[in-house]
Amino acid sequence: MGVRSNAMYMAGLASIGLSVASWLTSETLEDAGRDRADRWGIFIGQWAPTFFAVGIALRIEETHTDKRSMEQETLSESYSEGRMPSRAGV
């Protein structure tokens, strides 16, 4: 889909900041009390672990994709030069 792991890490950090901002805004601008402000802060604060987990999953996928493309290049170079690829490490 074109989403990189760094974007998810940044979204996680942004959600932490948004959590604090929503808590402060809710506490100062609403007359609902501190309980409601706490709920807003906790609700938005729960997004951060999800963004970080998706970022980690994407980083793993990016690493494996890079490794597979390097292996493909090595194989195609070996075949184009007329030699058989080595089976070391298999």
# chains A, B, ... in the order shown; residues from 1 in each chain; ligands from 1

call {"tool": "residues_around", "arguments": {"residues": "Trp40 in chain A", "least_positions_apart": "5", "cutoff": "9 Å", "atoms": "only C-alpha atoms", "output": "list in words"}}
result
Ser19, Ser22, Trp23, Ser26, Asp35 and Gly45 of chain A

call {"tool": "write_last_selection", "arguments": {"atoms": "N, CA and C atoms", "output": "PDB file, in the first residue's frame"}}
result
ATOM      1  N   SER A  19      -2.952  12.968  22.534  1.00  0.00           N
ATOM      2  CA  SER A  19      -3.569  12.517  23.772  1.00  0.00           C
ATOM      3  C   SER A  19      -3.434  13.572  24.864  1.00  0.00           C
ATOM      4  N   SER A  22      -5.584  16.635  23.875  1.00  0.00           N
ATOM      5  CA  SER A  22      -7.025  16.426  24.061  1.00  0.00           C
ATOM      6  C   SER A  22      -7.383  16.422  25.536  1.00  0.00           C
ATOM      7  N   TRP A  23      -6.515  15.884  26.362  1.00  0.00           N
ATOM      8  CA  TRP A  23      -6.766  15.896  27.806  1.00  0.00           C
ATOM      9  C   TRP A  23      -6.796  17.334  28.328  1.00  0.00           C
ATOM     10  N   SER A  26      -9.902  19.196  26.888  1.00  0.00           N
ATOM     11  CA  SER A  26     -11.142  18.742  27.501  1.00  0.00           C
ATOM     12  C   SER A  26     -11.261  19.251  28.927  1.00  0.00           C
ATOM     13  N   ASP A  35     -12.935  13.624  34.976  1.00  0.00           N
ATOM     14  CA  ASP A  35     -13.159  12.242  34.529  1.00  0.00           C
ATOM     15  C   ASP A  35     -13.289  12.151  33.015  1.00  0.00           C
ATOM     16  N   GLY A  45      -4.741   7.992  23.695  1.00  0.00           N
ATOM     17  CA  GLY A  45      -3.449   7.416  24.069  1.00  0.00           C
ATOM     18  C   GLY A  45      -3.331   5.942  23.713  1.00  0.00           C
TER      19      GLY A  45
END

call {"tool": "closest_residue", "arguments": {"among": "A:Met8, A:Val3, A:Leu24, A:Leu13", "to": "Ile56 in chain A", "atoms": "only C-alpha atoms"}}
result
A:Met8

call {"tool": "atom_distance", "arguments": {"atom1": "CA of Gly33 in chain A", "atom2": "CA of Phe51 in chain A"}}
result
29.1 Å

call {"tool": "atom_distance", "arguments": {"atom1": "CA of Arg59 in chain A", "atom2": "CA of Ser5 in chain A"}}
result
5.3 Å
